[in-house]
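Student: Just dropping this structure here.
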Amino acid sequence: CTHYMFARIGRVCRPGTPLRVVTSQVHIPPHCTRVCLHSVRYTSTTTTNTINVKNEKVGKNPGKDKPQVHSERETTLLIEKMKAANDLKDFQTTIQLWEALKRKNQSTPIVILNYVLTAYAGLRDFDNMVTVWTQIKQSGLENVNRFLYTILIDACKDLGQHQTAIEVFEDMKTAGVTPDVVAYSSIISVYADLKREEDVRRLVREMRVAGISPNQPVYSILMRMHSNLDDSRKVEFILGIMRSEGIKVDDIACNIVLDCFIKQGRYRDAETFFRESLEEGLVPSVYNCNRVISVFSKLTKEKEATKLFEYMIHENLKPTTVTYNTLLDLFGRVKQIEKVELLFMHMKKEGMADAWSYSKVIDINAKERNLQKVVHYFDELRSSGMKPPTSVYNVLLDLASKLRNKKFGAMVFAQMKNDGIEPNVVTYNTLLTLYSKFGDTEAKELIRREMIQKNVKPDKITSKLLKN
């Protein structure tokens with residue numbers, strides 16, 4: 001059937017004849033002679049009611065009003081589907097459910113509009129988000145709550161609509177909706193992104209006057225703002241306030257403080273802070289561990305880095321390519337070649353090896369003058385489909401020079417050109433060094449001409465090598 005409003009109809013004699021909704025009853029036009037009504041439902045914006053159906057047939061006694069099934073069940077099911085979709089971040093499904101509801105010309109309960117607003121926010125659809133927000137406000141201010149305002153502020157912030165977020169917050173207060181700590185956290189984050197330090201301070205004071213204590217997210221936002229302003233003193237000051245109020249450092253705050261220390265080269269302070277946070281009950285994330293492993297790498301603490309890596313494996317914190325590459329670099333610098341080989345083998349097994357990883361392993365083995373391993377990993381890199389960077393060819397040429405292997409150097413240079421990799425000044429200097437060891441002035445002249453032809457500007461090393 002195609003001609004119903006708020007109804008499920010089995011058969012109608014004349015499709016296209018609209019039903020008339022009058023107060024609490026649906027009347028069937030008298031010329032409809034074959035009608036089978038199973039249920040008629042009506043949903044308001046705030047409550048769900050049942051409409052009584054009066055079935056009138058031409059030439060017969062009118063039937064008695066039949067009690068109909070309430071529509072709460074369908075509405076509840078729809079709400080549950082939308083909630084499940086939003087929980088899974090399947091926002092498109094929420095929108096599809098809503099579009100289907102609109103095609104039925106049914107009124108939309110406010111709770112459904114809440115989910116729709118959340119879905120559009122998740123989809124970063126600013127225009128539709130504002131449309132739904134307007135619809136919610138038009139339905140009555142009693143339907144506008146703190147939760148909706150916070151969703152809108154967060155979404156505007158994520159979309160870069162900072163001024164709109166500020167306007168929404170001011171509208172929230174004008175409407176008499178008292179902001180809670182979550183709403184304050186959201187708007188403080190907006191001002192922090194804009195680096196409006198005075199406004200951030202004003203809002204924190206406003207929170208305290210209202211009897212709302214800043215929570216961990218608020219303190220993290222404040223620390224992030226000062227870290228972005230390169231003000232480590234204030235970051236440490238806020239950290240001190242957090243700890244004095246008994247607020248534990250979480251993984252987000254930990255990242256901010258670690259980044260602040262690392263940026264200033266304060267690696268020992270970063271290590272101390274991380275150890276203290278662990279003692280206070282911090283459950284580190286992968287990103288916390290990555291940063292601390294980079295700190296251990298800077299401090300050349302191979303044992304500590306290895307222990308933290310083992311902790312990640314034990315706690316099912318999956319290491320990233322950054323984790324592995326940092327460890328490769330550290331193990332290479334402390335001459336732990338066996339660990340390099342084992343780690344790189346594990347990386348390949350986990351699918352974590354990238355071009356940088358291969359470059360690092362090739363460089364480590366080149367420093368050990370292990371030509372066989374270098375060629376093996378170079379061939380493996382090329383066969384994997386990854387394009388070797390110029391630096392890899394330069395490492396191979398440098399190894400050829402150290403080994404006084406002119407033939408290998410010529411092969412690498414030819415392969416470089418064949419792979420479409422443009423030589424740089426380091427490449428040419430390395431070749432000149434190699435040919436100088438053999439006194440091959442003819443080859444050096446060819447290099448000089450090629451540099452001129454390719455507009456590669458010689459440096460001081462080039463000039464010195466050409467003279468000798």
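Naming scheme: A, B, ... for chains in displayed order of the structure tokens; residues 1 onward per chain; ligands 1 onward as shown.
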Which residues come within 6 Å of region 356-359 of chain A, counting only C-alpha atoms, excluding same-chain residues fewer than 3 positions away, as a PyMOL selection string?
Tutor: chain A and resi 325+353+362+392
Student: Kindly assemble as a Markdown table a list of the region 122-150 of chain A residues that lie within 12 Å of region 80-99 of chain A, each paired with its nearest atom pair and their distance in Å to one decimal, using only C-alpha atoms, sorted first by chain and then by ascending residue number.
Tutor:
```
| residue | atom | partner | partner_atom | distance |
| --- | --- | --- | --- | --- |
| A:Gly122 | CA | A:Phe91 | CA | 6.6 |
| A:Leu123 | CA | A:Phe91 | CA | 6.7 |
| A:Arg124 | CA | A:Phe91 | CA | 10.3 |
| A:Asp125 | CA | A:Phe91 | CA | 10.9 |
| A:Asn128 | CA | A:Ile95 | CA | 10.6 |
| A:Met129 | CA | A:Ile95 | CA | 11.3 |
| A:Val132 | CA | A:Trp98 | CA | 11.3 |
```
Student: Please extract the residues of region 43-220 of chain A with a backbone DSSP assignment of strand (DSSP E) and present them as an NGL selection string.
Tutor: :A and (43 or 48-50 or 52-54)
Student: Between A:Leu403, A:Ala355, A:Val257, A:Leu446, which is the closest to Pro388 (chain A) once you count only C-alpha atoms?
Tutor: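 For Pro388 (chain A), the nearest of the candidates is A:Ala355.
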Student: What's the 10 Å shell around Thr326 (chain A), counting only C-alpha atoms, without same-chain residues fewer than 2 positions away, as a ChimeraX atom specification?
Tutor: /A:290-291,293-298,305,321-324,328-332,357,360
Student: So how far away is CA of Thr164 (chain A) from CA of Tyr149 (chain A), in Å?
Tutor: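 The value is 11.7 Å.
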Student: What are the DSSP helix (DSSP H, G or I) residues of region 388-425 of chain A, as JSON, numbers by chain?
Tutor: {"A": [390, 391, 392, 393, 394, 395, 396, 397, 398, 399, 400, 401, 402, 406, 407, 408, 409, 410, 411, 412, 413, 414, 415, 416, 417, 418, 425]}
Student: Excluding Val395 (chain A) and any residue of its chain fewer than 2 positions from it, enumerate the residues within 10 Å of it, using only C-alpha atoms, and give them as an MDAnalysis selection string.
Tutor: chainID A and resid 359 362:364 366:367 374 390:393 397:401 426:427 430
Student: Generate a file of the selected residues that holds N, CA and C atoms, formatted as an mmCIF file, in the first residue's frame.
Tutor:
```
data_model
loop_
_atom_site.group_PDB
_atom_site.id
_atom_site.type_symbol
_atom_site.label_atom_id
_atom_site.label_comp_id
_atom_site.auth_asym_id
_atom_site.auth_seq_id
_atom_site.Cartn_x
_atom_site.Cartn_y
_atom_site.Cartn_z
ATOM 1 N N SER A 359 66.692 0.629 4.950
ATOM 2 C CA SER A 359 67.827 1.570 4.848
ATOM 3 C C SER A 359 68.705 1.493 6.085
ATOM 4 N N ILE A 362 70.603 -1.875 6.201
ATOM 5 C CA ILE A 362 71.684 -1.833 5.204
ATOM 6 C C ILE A 362 72.834 -0.967 5.708
ATOM 7 N N ASP A 363 72.495 0.168 6.308
ATOM 8 C CA ASP A 363 73.518 1.080 6.819
ATOM 9 C C ASP A 363 74.311 0.434 7.957
ATOM 10 N N ILE A 364 73.599 -0.272 8.855
ATOM 11 C CA ILE A 364 74.269 -0.934 9.988
ATOM 12 C C ILE A 364 75.251 -1.991 9.484
ATOM 13 N N ALA A 366 76.551 -2.122 6.504
ATOM 14 C CA ALA A 366 77.615 -1.466 5.723
ATOM 15 C C ALA A 366 78.723 -0.975 6.643
ATOM 16 N N LYS A 367 78.331 -0.476 7.823
ATOM 17 C CA LYS A 367 79.340 -0.020 8.778
ATOM 18 C C LYS A 367 80.176 -1.189 9.293
ATOM 19 N N VAL A 374 74.626 -6.694 3.047
ATOM 20 C CA VAL A 374 74.177 -5.448 2.419
ATOM 21 C C VAL A 374 73.493 -5.745 1.084
ATOM 22 N N THR A 390 67.624 7.556 -2.248
ATOM 23 C CA THR A 390 68.973 7.906 -2.690
ATOM 24 C C THR A 390 70.015 7.554 -1.633
ATOM 25 N N SER A 391 69.635 7.726 -0.352
ATOM 26 C CA SER A 391 70.582 7.476 0.736
ATOM 27 C C SER A 391 71.076 6.028 0.745
ATOM 28 N N VAL A 392 70.242 5.079 0.332
ATOM 29 C CA VAL A 392 70.647 3.666 0.311
ATOM 30 C C VAL A 392 71.740 3.449 -0.729
ATOM 31 N N TYR A 393 71.553 4.029 -1.904
ATOM 32 C CA TYR A 393 72.579 3.909 -2.959
ATOM 33 C C TYR A 393 73.879 4.562 -2.510
ATOM 34 N N LEU A 397 77.548 2.829 -2.259
ATOM 35 C CA LEU A 397 78.725 3.401 -2.931
ATOM 36 C C LEU A 397 79.839 3.683 -1.919
ATOM 37 N N ASP A 398 79.435 4.130 -0.717
ATOM 38 C CA ASP A 398 80.428 4.387 0.321
ATOM 39 C C ASP A 398 81.111 3.080 0.742
ATOM 40 N N LEU A 399 80.321 1.999 0.815
ATOM 41 C CA LEU A 399 80.899 0.700 1.152
ATOM 42 C C LEU A 399 81.866 0.232 0.060
ATOM 43 N N ALA A 400 81.484 0.477 -1.200
ATOM 44 C CA ALA A 400 82.375 0.120 -2.319
ATOM 45 C C ALA A 400 83.695 0.869 -2.211
ATOM 46 N N SER A 401 83.610 2.143 -1.793
ATOM 47 C CA SER A 401 84.823 2.952 -1.645
ATOM 48 C C SER A 401 85.700 2.421 -0.509
ATOM 49 N N VAL A 426 76.249 14.152 -2.747
ATOM 50 C CA VAL A 426 76.883 13.115 -1.919
ATOM 51 C C VAL A 426 77.227 11.898 -2.772
ATOM 52 N N THR A 427 76.326 11.548 -3.669
ATOM 53 C CA THR A 427 76.565 10.417 -4.575
ATOM 54 C C THR A 427 77.835 10.641 -5.390
ATOM 55 N N THR A 430 81.069 10.572 -3.335
ATOM 56 C CA THR A 430 81.455 9.206 -2.960
ATOM 57 C C THR A 430 82.129 8.496 -4.135
#
```
Student: One decimal, Å: what's the distance from CA of Val292 (chain A) over to CA of Leu258 (chain A), could you say?
Tutor: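 CA of Leu258 (chain A) lies 7.8 Å from CA of Val292 (chain A).
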Student: Near region 175-179 of chain A, counting only C-alpha atoms, which residues have an atom at most 12 Å away, once you skip same-chain residues fewer than 6 positions from it, shown as a tab-separated table (two decimals) with N, CA and C atoms, in the first residue's frame?
Tutor:
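Saved the output as around.tsv:
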```tsv
chain	number	residue	atom	x	y	z
A	137	LYS	N	16.02	22.82	18.33
A	137	LYS	CA	15.69	24.04	19.07
A	137	LYS	C	14.26	24.49	18.79
A	140	GLY	N	11.40	23.07	20.87
A	140	GLY	CA	11.21	23.53	22.24
A	140	GLY	C	12.49	23.47	23.03
A	141	LEU	N	12.78	24.54	23.80
A	141	LEU	CA	14.03	24.60	24.55
A	141	LEU	C	14.12	23.52	25.61
A	142	GLU	N	12.93	22.95	26.00
A	142	GLU	CA	12.99	21.89	27.00
A	142	GLU	C	13.68	20.64	26.47
A	143	ASN	N	13.81	20.58	25.11
A	143	ASN	CA	14.46	19.42	24.50
A	143	ASN	C	15.97	19.61	24.31
A	144	VAL	N	16.44	20.82	24.58
A	144	VAL	CA	17.86	21.12	24.39
A	144	VAL	C	18.57	20.92	25.72
A	145	ASN	N	19.53	20.03	25.74
A	145	ASN	CA	20.22	19.74	26.99
A	145	ASN	C	21.72	19.93	26.87
A	146	ARG	N	22.40	19.74	27.98
A	146	ARG	CA	23.84	19.92	28.06
A	146	ARG	C	24.59	19.02	27.08
A	147	PHE	N	24.08	17.78	27.00
A	147	PHE	CA	24.72	16.78	26.15
A	147	PHE	C	24.77	17.24	24.69
A	148	LEU	N	23.65	17.78	24.20
A	148	LEU	CA	23.58	18.23	22.81
A	148	LEU	C	24.50	19.42	22.57
A	149	TYR	N	24.51	20.35	23.50
A	149	TYR	CA	25.40	21.51	23.35
A	149	TYR	C	26.87	21.05	23.28
A	150	THR	N	27.22	20.10	24.12
A	150	THR	CA	28.61	19.62	24.16
A	150	THR	C	28.98	18.91	22.86
A	153	ILE	N	29.55	21.63	20.28
A	153	ILE	CA	30.81	22.37	20.50
A	153	ILE	C	32.00	21.53	20.04
A	168	VAL	N	27.94	28.77	20.24
A	168	VAL	CA	27.08	27.73	20.80
A	168	VAL	C	27.19	27.71	22.32
A	169	PHE	N	28.42	27.85	22.84
A	169	PHE	CA	28.62	27.86	24.29
A	169	PHE	C	27.92	29.05	24.92
A	185	SER	N	35.26	21.68	29.51
A	185	SER	CA	36.44	21.06	28.90
A	185	SER	C	36.45	21.27	27.39
A	186	SER	N	35.27	21.13	26.78
A	186	SER	CA	35.16	21.27	25.32
A	186	SER	C	35.47	22.69	24.87
A	187	ILE	N	34.88	23.68	25.56
A	187	ILE	CA	35.08	25.07	25.12
A	187	ILE	C	36.49	25.56	25.47
A	188	ILE	N	37.05	25.07	26.58
A	188	ILE	CA	38.43	25.43	26.92
A	188	ILE	C	39.38	24.91	25.85
A	203	LEU	N	37.85	31.05	31.80
A	203	LEU	CA	36.92	29.93	31.89
A	203	LEU	C	37.25	29.01	33.06
A	206	GLU	N	35.93	30.74	36.02
A	206	GLU	CA	34.47	30.62	35.97
A	206	GLU	C	34.02	29.25	36.48
A	207	MET	N	34.77	28.23	36.12
A	207	MET	CA	34.46	26.88	36.59
A	207	MET	C	34.55	26.81	38.11
A	210	ALA	N	31.80	28.51	39.91
A	210	ALA	CA	30.56	27.72	39.82
A	210	ALA	C	30.63	26.44	40.65
A	211	GLY	N	31.78	26.24	41.32
A	211	GLY	CA	31.91	25.06	42.16
A	211	GLY	C	32.29	23.81	41.39
A	212	ILE	N	32.81	24.00	40.18
A	212	ILE	CA	33.21	22.85	39.34
A	212	ILE	C	34.73	22.76	39.33
```
Student: What is the CA of Asn316 (chain A)-CA of Val249 (chain A) distance in Å, reported with one decimal?
Tutor: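 CA of Val249 (chain A) lies at a distance of 21.1 Å from CA of Asn316 (chain A).
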Student: Nearest residue to Thr462 (chain A) out of A:Lys335, A:His314, A:Lys444, A:Arg243, using only C-alpha atoms?
Tutor: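 Closest to Thr462 (chain A), using only C-alpha atoms: A:Lys444.
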Student: Which residues come within 9 Å of Leu159 (chain A), counting only C-alpha atoms, excluding same-chain residues fewer than 3 positions away, as a ChimeraX atom specification?
Tutor: /A:121,124-126,154-156,162
Student: For Ile252 (chain A), which residue among A:Asn418, A:Pro319, A:Pro284, A:Ser383 is the nearest when counting only C-alpha atoms?
Tutor: A:Pro284
